[in-house]
$ cat work_0.tsv   # TSV, C-alpha atoms
chain	number	residue	atom	x	y	z
A	399	MET	CA	-12.11	40.77	-5.35
A	400	ARG	CA	-12.19	37.04	-4.81
A	401	ILE	CA	-11.10	34.62	-7.55
A	402	PRO	CA	-12.10	30.97	-7.11
A	403	VAL	CA	-9.19	28.58	-7.71
A	404	VAL	CA	-10.02	25.14	-6.24
A	405	ARG	CA	-6.77	23.44	-7.17
A	406	ASN	CA	-4.69	20.85	-5.39
A	407	ILE	CA	-1.67	22.54	-3.79
A	408	LEU	CA	0.57	19.82	-5.22
A	409	SER	CA	-0.94	19.91	-8.71
A	410	ALA	CA	2.45	20.65	-10.31
A	411	ASN	CA	3.78	17.44	-8.74
A	412	ASP	CA	0.65	15.52	-9.73
A	413	GLN	CA	1.09	16.54	-13.37
A	414	VAL	CA	4.62	15.11	-13.47
A	415	ALA	CA	3.31	12.01	-11.66
A	416	GLN	CA	0.89	11.49	-14.57
A	417	GLU	CA	3.81	11.68	-16.99
A	418	ASN	CA	5.70	9.09	-14.93
A	419	ARG	CA	2.60	6.88	-14.94
A	420	ALA	CA	2.48	7.11	-18.74
A	421	ALA	CA	6.19	6.25	-18.96
A	422	PHE	CA	5.64	3.13	-16.82
A	423	ALA	CA	2.66	2.09	-18.92
A	424	ALA	CA	4.66	2.54	-22.15
A	425	THR	CA	7.28	-0.02	-21.06
A	426	ARG	CA	4.79	-2.17	-19.11
A	427	THR	CA	6.76	-1.53	-15.94
A	428	PHE	CA	4.85	-1.95	-12.71
A	429	ALA	CA	6.01	0.58	-10.11
A	430	ILE	CA	5.66	0.29	-6.34
A	431	ASN	CA	6.10	3.29	-4.05
A	432	LEU	CA	7.54	1.75	-0.89
A	433	MET	CA	7.10	3.95	2.19
A	434	ALA	CA	8.15	3.34	5.80
A	435	SER	CA	9.99	4.80	8.75
A	436	PRO	CA	13.79	4.50	8.77
A	437	GLY	CA	14.85	0.97	9.62
A	438	ALA	CA	11.51	-0.78	9.01
A	439	GLY	CA	13.14	-2.94	6.37
A	440	LYS	CA	12.36	-1.36	2.99
A	441	THR	CA	15.65	-2.45	1.41
A	442	SER	CA	15.41	-5.90	3.03
A	443	LEU	CA	11.89	-6.32	1.67
A	444	ILE	CA	13.02	-5.31	-1.83
A	445	LEU	CA	15.85	-7.86	-1.79
A	446	ALA	CA	13.70	-10.62	-0.23
A	447	THR	CA	10.94	-9.97	-2.76
A	448	ALA	CA	13.31	-9.83	-5.73
A	449	ALA	CA	14.72	-13.22	-4.71
A	450	ARG	CA	11.22	-14.75	-4.76
A	451	LEU	CA	9.81	-13.26	-7.96
A	452	PRO	CA	8.39	-15.63	-10.57
A	453	ALA	CA	10.95	-16.63	-13.21
A	454	GLY	CA	11.39	-14.03	-15.92
A	455	VAL	CA	10.21	-11.05	-13.88
A	456	ARG	CA	12.97	-8.45	-13.98
A	457	PRO	CA	13.17	-6.10	-10.97
A	458	GLY	CA	14.64	-2.62	-10.76
A	459	VAL	CA	15.04	-0.15	-7.90
A	460	ILE	CA	15.03	3.60	-7.35
A	461	GLU	CA	16.62	4.33	-3.97
A	462	GLY	CA	15.58	7.54	-2.27
A	463	ASP	CA	17.74	8.66	0.63
A	464	LEU	CA	18.70	11.83	2.38
A	465	ALA	CA	22.32	11.09	1.54
A	466	SER	CA	24.65	8.13	0.95
A	467	ARG	CA	24.64	5.22	-1.50
A	468	ILE	CA	24.62	2.42	1.10
A	469	ASP	CA	21.22	1.03	0.09
A	470	ALA	CA	21.90	1.36	-3.64
A	471	GLU	CA	25.17	-0.54	-3.31
A	472	LYS	CA	23.42	-3.29	-1.37
A	473	VAL	CA	20.88	-3.65	-4.18
A	474	ALA	CA	23.50	-3.45	-6.95
A	475	GLU	CA	25.43	-6.32	-5.32
A	476	HIS	CA	22.47	-8.52	-6.22
A	477	GLY	CA	22.73	-7.58	-9.89
A	478	ILE	CA	19.55	-5.49	-9.83
A	479	PRO	CA	19.55	-2.23	-11.84
A	480	VAL	CA	19.41	0.61	-9.36
A	481	VAL	CA	19.55	4.39	-9.43
A	482	GLN	CA	20.14	6.43	-6.30
A	483	ILE	CA	18.34	9.70	-5.62
A	484	ASN	CA	19.88	11.73	-2.84
A	485	THR	CA	17.26	14.23	-1.75
A	486	GLY	CA	19.85	16.36	0.02
A	487	GLY	CA	17.84	16.60	3.22
A	488	ASN	CA	14.41	16.66	1.58
A	489	CYS	CA	12.06	14.47	3.62
A	490	HIS	CA	10.30	12.77	0.70
A	491	LEU	CA	10.58	11.86	-2.97
A	492	ASP	CA	8.51	13.82	-5.44
A	493	ALA	CA	7.43	13.13	-9.01
A	494	PRO	CA	10.10	15.32	-10.70
A	495	MET	CA	12.86	13.40	-8.84
A	496	ILE	CA	11.44	10.14	-10.21
A	497	ARG	CA	11.25	11.62	-13.72
A	498	SER	CA	14.98	12.46	-13.57
A	499	ALA	CA	15.83	9.02	-12.22
A	500	LEU	CA	13.89	7.25	-14.99
A	501	ALA	CA	16.30	8.64	-17.57
A	502	GLU	CA	19.07	6.62	-15.90
A	503	LEU	CA	17.22	3.29	-15.76
A	504	PRO	CA	16.75	0.71	-18.54
A	505	LEU	CA	12.98	0.92	-18.01
A	506	ALA	CA	12.15	-1.34	-20.96
A	507	GLU	CA	14.10	-4.11	-19.21
A	508	ILE	CA	12.35	-3.67	-15.86
A	509	ASP	CA	9.04	-5.40	-15.14
A	510	LEU	CA	8.74	-4.49	-11.49
A	511	LEU	CA	10.20	-1.22	-10.23
A	512	PHE	CA	10.55	-0.63	-6.50
A	513	ILE	CA	10.76	3.01	-5.53
A	514	GLU	CA	12.21	3.13	-2.02
A	515	ASN	CA	10.99	6.38	-0.54
A	516	VAL	CA	12.80	8.37	2.15
A	517	GLY	CA	12.30	6.83	5.60
A	518	ASN	CA	9.46	8.93	7.00
A	519	LEU	CA	5.83	8.17	7.94
A	520	VAL	CA	4.46	11.67	7.27
A	521	CYS	CA	5.64	13.50	4.18
A	522	PRO	CA	5.86	10.84	1.44
A	523	ALA	CA	2.12	10.12	1.73
A	524	GLU	CA	1.24	13.44	0.11
A	525	PHE	CA	3.38	13.13	-3.01
A	526	ASP	CA	2.08	11.08	-5.92
A	527	LEU	CA	5.10	9.66	-7.77
A	528	GLY	CA	3.11	8.04	-10.58
A	529	ALA	CA	3.63	4.56	-9.14
A	530	ASN	CA	1.00	1.87	-9.73
A	531	ARG	CA	0.73	0.92	-6.05
A	532	ALA	CA	1.66	2.45	-2.71
A	533	VAL	CA	2.90	0.02	-0.07
A	534	VAL	CA	3.63	0.92	3.55
A	535	VAL	CA	6.17	-1.18	5.44
A	536	ALA	CA	5.87	-1.18	9.23
A	537	SER	CA	7.89	-3.30	11.63
A	538	THR	CA	7.15	-4.76	15.03
A	539	PRO	CA	9.88	-2.88	16.99
A	540	GLU	CA	8.23	0.42	15.99
A	541	GLY	CA	5.17	-0.50	18.03
A	542	HIS	CA	1.56	-1.35	17.21
A	543	ASP	CA	0.33	2.23	17.50
A	544	LYS	CA	1.75	3.50	14.18
A	545	PRO	CA	-1.55	3.46	12.20
A	546	TYR	CA	-3.15	5.60	14.92
A	547	LYS	CA	-0.28	8.08	15.01
A	548	TYR	CA	0.29	8.30	11.25
A	549	PRO	CA	-3.19	7.72	9.82
A	550	GLY	CA	-2.48	9.69	6.63
A	551	MET	CA	0.28	7.30	5.63
A	552	PHE	CA	-1.77	4.16	6.27
A	553	ALA	CA	-4.80	5.67	4.51
A	554	ALA	CA	-2.66	6.14	1.39
A	555	ALA	CA	-1.56	2.46	1.22
A	556	ASP	CA	-2.75	-0.17	-1.25
A	557	ALA	CA	-1.11	-2.77	0.98
A	558	VAL	CA	0.65	-2.85	4.35
A	559	VAL	CA	3.60	-5.13	5.06
A	560	LEU	CA	4.40	-5.72	8.73
A	561	ASN	CA	8.05	-6.80	8.89
A	562	LYS	CA	10.12	-8.40	11.68
A	563	SER	CA	7.34	-10.78	12.72
A	564	ASP	CA	10.05	-13.07	14.16
A	565	VAL	CA	10.64	-10.64	17.04
A	566	MET	CA	6.99	-9.69	17.58
A	567	ALA	CA	6.82	-11.26	21.05
A	568	VAL	CA	9.98	-9.47	22.22
A	569	PHE	CA	8.34	-6.13	21.56
A	570	ASP	CA	4.91	-7.02	23.02
A	571	PHE	CA	3.48	-6.19	19.62
A	572	ASP	CA	-0.34	-6.45	19.60
A	573	LEU	CA	-1.15	-7.59	16.06
A	574	ASP	CA	-4.93	-7.23	16.45
A	575	PHE	CA	-4.55	-3.67	17.68
A	576	PHE	CA	-2.32	-2.88	14.71
A	577	ARG	CA	-4.76	-4.47	12.23
A	578	ARG	CA	-7.69	-2.51	13.70
A	579	GLY	CA	-5.71	0.71	13.34
A	580	VAL	CA	-5.09	0.00	9.66
A	581	ALA	CA	-8.72	-1.00	9.08
A	582	MET	CA	-9.91	2.21	10.76
A	583	VAL	CA	-8.41	4.40	8.05
A	584	ASN	CA	-8.17	1.91	5.19
A	585	GLN	CA	-10.56	-0.97	4.51
A	586	LYS	CA	-9.07	-2.04	1.19
A	587	ALA	CA	-5.39	-2.58	2.07
A	588	PRO	CA	-4.40	-6.16	2.95
A	589	VAL	CA	-1.88	-6.56	5.80
A	590	PHE	CA	0.97	-9.02	5.19
A	591	VAL	CA	2.83	-10.19	8.29
A	592	VAL	CA	6.36	-11.13	7.24
A	593	SER	CA	9.92	-11.56	8.39
A	594	CYS	CA	12.53	-10.69	5.79
A	595	ARG	CA	15.05	-12.38	8.08
A	596	THR	CA	13.37	-15.80	8.26
A	597	GLY	CA	11.31	-15.55	5.07
A	598	ALA	CA	8.05	-16.16	6.95
A	599	GLY	CA	4.96	-14.74	5.25
A	600	LEU	CA	6.81	-13.54	2.15
A	601	ALA	CA	5.13	-16.04	-0.18
A	602	ALA	CA	1.68	-14.49	0.40
A	603	TRP	CA	3.07	-10.99	-0.16
A	604	VAL	CA	4.80	-11.97	-3.41
A	605	GLU	CA	1.65	-13.72	-4.57
A	606	TRP	CA	-0.43	-10.59	-3.96
A	607	LEU	CA	2.18	-8.49	-5.72
A	608	SER	CA	2.27	-10.84	-8.69
A	609	ASP	CA	-1.50	-10.57	-9.02
A	610	GLN	CA	-1.25	-6.78	-9.26
A	611	TRP	CA	1.02	-6.12	-12.20
A	612	TYR	CA	0.41	-6.29	-15.93
A	613	THR	CA	0.43	-9.79	-17.39
B	542	MET	CA	7.85	18.41	7.96
B	543	HIS	CA	7.15	18.90	4.29
B	544	GLU	CA	5.68	22.37	4.71
B	545	LEU	CA	8.34	23.89	2.44
B	546	ALA	CA	7.27	21.84	-0.60
B	547	VAL	CA	3.61	22.46	0.20
B	548	THR	CA	4.19	26.20	0.55
B	549	GLU	CA	5.97	26.28	-2.82
B	550	GLY	CA	2.85	24.62	-4.24
B	551	ILE	CA	0.54	27.17	-2.64
B	552	LEU	CA	2.56	30.07	-4.04
B	553	LYS	CA	2.72	28.53	-7.52
B	554	VAL	CA	-1.02	27.83	-7.70
B	555	ALA	CA	-1.90	31.30	-6.36
B	556	LEU	CA	0.47	33.15	-8.71
B	557	GLU	CA	-0.82	31.22	-11.72
B	558	ALA	CA	-4.41	32.05	-10.80
B	559	ALA	CA	-3.53	35.74	-10.40
B	560	ALA	CA	-1.61	35.78	-13.69
B	561	GLN	CA	-4.67	34.43	-15.47
B	562	ALA	CA	-6.68	37.29	-14.00
B	563	GLY	CA	-4.31	39.91	-15.42
B	564	GLY	CA	-1.66	39.88	-12.71
B	565	PRO	CA	-3.17	41.77	-9.78
B	566	ARG	CA	-1.55	41.79	-6.35
B	567	ILE	CA	-2.73	38.99	-4.06
B	568	HIS	CA	-4.01	40.12	-0.66
B	569	ALA	CA	-5.06	36.75	0.72
B	570	ILE	CA	-5.09	33.05	-0.11
B	571	ASP	CA	-7.80	30.72	1.18
B	572	LEU	CA	-6.58	27.21	1.87
B	573	VAL	CA	-8.21	23.94	2.86
B	574	ILE	CA	-5.82	21.72	4.83
B	575	GLY	CA	-6.75	18.25	6.05
B	576	ASP	CA	-6.14	17.41	9.69
B	577	LEU	CA	-4.39	14.14	8.73
B	578	SER	CA	-1.89	15.86	6.42
B	579	GLY	CA	0.54	16.67	9.24
B	580	MET	CA	0.70	20.35	8.27
B	581	VAL	CA	1.51	23.09	10.75
B	582	ASP	CA	-0.18	26.38	9.78
B	583	ASP	CA	2.44	28.64	11.38
B	584	SER	CA	5.19	26.81	9.58
B	585	ILE	CA	3.47	27.29	6.21
B	586	GLN	CA	3.03	31.01	6.89
B	587	PHE	CA	6.69	31.25	7.91
B	588	TYR	CA	7.90	29.73	4.64
B	589	PHE	CA	5.34	31.70	2.65
B	590	ASP	CA	6.58	35.05	3.95
B	591	ILE	CA	10.07	34.19	2.72
B	592	LEU	CA	9.13	32.54	-0.60
B	593	SER	CA	6.63	35.23	-1.63
B	594	ARG	CA	9.08	38.14	-1.37
B	595	ASP	CA	9.35	39.98	-4.71
B	596	THR	CA	6.23	38.26	-6.05
B	597	ALA	CA	2.64	39.50	-6.56
B	598	ALA	CA	1.76	37.59	-3.38
B	599	ALA	CA	4.25	39.37	-1.10
B	600	GLY	CA	2.66	40.13	2.25
B	601	ALA	CA	-0.47	38.13	1.49
B	602	THR	CA	-2.40	36.61	4.38
B	603	LEU	CA	-2.93	32.86	4.40
B	604	ARG	CA	-6.38	31.89	5.65
B	605	PHE	CA	-6.56	28.29	6.78
B	606	ARG	CA	-9.73	26.23	6.83
B	607	ARG	CA	-9.08	22.90	8.48
B	608	GLU	CA	-10.80	19.85	7.04
B	609	PRO	CA	-11.38	17.40	9.91
B	610	ALA	CA	-11.07	13.63	9.82
B	611	ASN	CA	-14.53	12.14	10.40
B	612	VAL	CA	-14.89	9.08	12.58
B	613	THR	CA	-17.93	6.81	12.34
B	614	CYS	CA	-18.53	4.01	14.82
B	615	GLN	CA	-19.75	0.83	13.10
B	616	GLU	CA	-21.39	-0.34	16.34
B	617	CYS	CA	-23.31	2.66	17.68
B	618	ALA	CA	-23.20	4.91	14.58
B	619	ALA	CA	-21.64	7.80	16.52
B	620	HIS	CA	-20.06	10.49	14.35
B	621	TYR	CA	-17.28	12.73	15.56
B	622	THR	CA	-14.13	14.43	14.31
B	623	ALA	CA	-10.62	13.45	15.36
B	624	GLN	CA	-6.99	14.45	15.04
B	625	PRO	CA	-3.91	12.24	15.21
B	626	PRO	CA	-3.13	10.30	17.27
B	627	LEU	CA	-6.51	8.67	16.60
B	628	MET	CA	-8.14	7.07	19.62
B	629	PRO	CA	-8.54	3.31	19.14
B	630	LEU	CA	-12.00	3.09	20.76
B	631	CYS	CA	-15.29	4.89	20.09
B	632	THR	CA	-15.63	7.86	22.43
B	633	ARG	CA	-19.32	7.00	22.97
B	634	CYS	CA	-19.61	3.19	23.22
B	635	GLY	CA	-16.00	2.00	23.43
B	636	SER	CA	-16.18	-0.15	20.29
B	637	ALA	CA	-13.01	-0.70	18.26
B	638	GLN	CA	-15.02	-0.89	15.02
B	639	LEU	CA	-14.26	2.60	13.73
B	640	ARG	CA	-13.99	4.07	10.24
B	641	VAL	CA	-12.17	7.30	9.50
B	642	ILE	CA	-12.68	9.29	6.32
B	643	GLY	CA	-11.51	12.71	5.13
B	644	GLY	CA	-8.82	14.95	6.55
B	645	ARG	CA	-6.46	14.57	3.62
B	646	GLU	CA	-7.20	17.72	1.56
B	647	LEU	CA	-4.47	20.12	0.47
B	648	ARG	CA	-6.24	22.70	-1.67
B	649	VAL	CA	-6.13	26.34	-2.68
B	650	GLU	CA	-9.78	27.36	-2.53
B	651	SER	CA	-9.58	30.97	-3.74
B	652	ILE	CA	-7.42	34.05	-3.79
B	653	GLU	CA	-8.36	37.59	-2.90
B	654	VAL	CA	-6.77	40.18	-5.20
B	655	GLU	CA	-6.76	43.96	-5.40
B	656	GLU	CA	-9.37	45.59	-7.62
B	657	GLN	CA	-7.90	46.63	-10.93
B	658	PRO	CA	-8.82	49.97	-12.44
$ encode --input "work_0.tsv" --output "structure tokens"
Amino acid sequence: MRIPVVRNILSANDQVAQENRAAFAATRTFAINLMASPGAGKTSLILATAARLPAGVRPGVIEGDLASRIDAEKVAEHGIPVVQINTGGNCHLDAPMIRSALAELPLAEIDLLFIENVGNLVCPAEFDLGANRAVVVASTPEGHDKPYKYPGMFAAADAVVLNKSDVMAVFDFDLDFFRRGVAMVNQKAPVFVVSCRTGAGLAAWVEWLSDQWYT
Amino acid sequence: MHELAVTEGILKVALEAAAQAGGPRIHAIDLVIGDLSGMVDDSIQFYFDILSRDTAAAGATLRFRREPANVTCQECAAHYTAQPPLMPLCTRCGSAQLRVIGGRELRVESIEVEEQP
């Protein structure tokens, strides 16, 4: 006997993601799910963005990592509230991990919450965390073919940040090819070309970000 | 890579559906898996066989229906399906103006359970 089900496989995760979304709305916290491969510059982008936020906007960070507190310590040095989630080998963050982390953050005192996902261009795309926006960070040394190889990740993005623009020429990075790859799977996501090292392009990214959150 | 978490989801959804139907044994689970989701069918079945031990779904067969990613060429209107890595140019006219939709489903479609007396 066949019983129709028609349910998302990750519906248990999605339910908790809705709760997280409600928690963010209650404190008017705007949450960004930041996804990228290891080394693309997620932590650098968080710090560079936090330094350029309009006056009065209070950032916070949830650091997801397989292990270690290196990134969290880097963020804490800048006086930004941060909570570390060690996934213990898990390749992605999920909504229940975020729910646990929220209990340790002064959410009411955070206007913009960066959730740094585990460095991985496959798994995090499938797990709704309850964040308000999903942002994918790519970097020029990774190569311009990433949107073609990991289309699911780029399809899930509300915006794409291409970091390390200062070394683009060294890596023969074809920006048009990269942009076409993003546009193929995602017509709504803007692409911001930045260098967290030199600061180039960050103003446009911060301006877009500022336009997104609750005012 | 994240097949373990996905398999846990499959088992949870299937067991809940069976429990609502009075708790029959599950013989098979029909799944729809998008081609862009990065899922490996064999890997899901491998995890499932371990996770489903001592449950009403022990020994159940997973039946996979793949949902393709659909490519449309904005120049020549060609339609075709694709898997990652996506080709940058239209396979018919060579244009780079391509749009890809679909291929992202992860769904339990139905379960097949034993007839209850």
$ atom_distance --input "work_0.tsv" --atom1 "atom CA of Val558 of chain A" --atom2 "atom CA of Asp463 of chain A"
20.9 Å
$ closest_residue --input "work_0.tsv" --among "B:Leu603, B:Ile551, B:Ile567, B:Val641" --to "Ala619 of chain B" --atoms "all atoms listed in the file"
B:Val641
$ closest_residue --input "work_0.tsv" --among "A:Pro549, A:Leu505, A:Arg400, A:Leu443" --to "Gln624 of chain B" --atoms "all atoms listed in the file"
A:Pro549
$ atom_distance --input "work_0.tsv" --atom1 "atom CA of Ala434 of chain A" --atom2 "atom CA of Asp583 of chain B"
26.5 Å
$ interface_residues --input "work_0.tsv" --of "chain B" --to "chain A" --cutoff "8 Å" --atoms "only C-alpha atoms" --output "ChimeraX atom specification"
/B:542-543,547,550-551,554-555,558,577-579,625-629,637-642,645,647-656
$ atom_distance --input "work_0.tsv" --atom1 "atom CA of Glu616 of chain B" --atom2 "atom CA of Ala555 of chain A"
25.1 Å
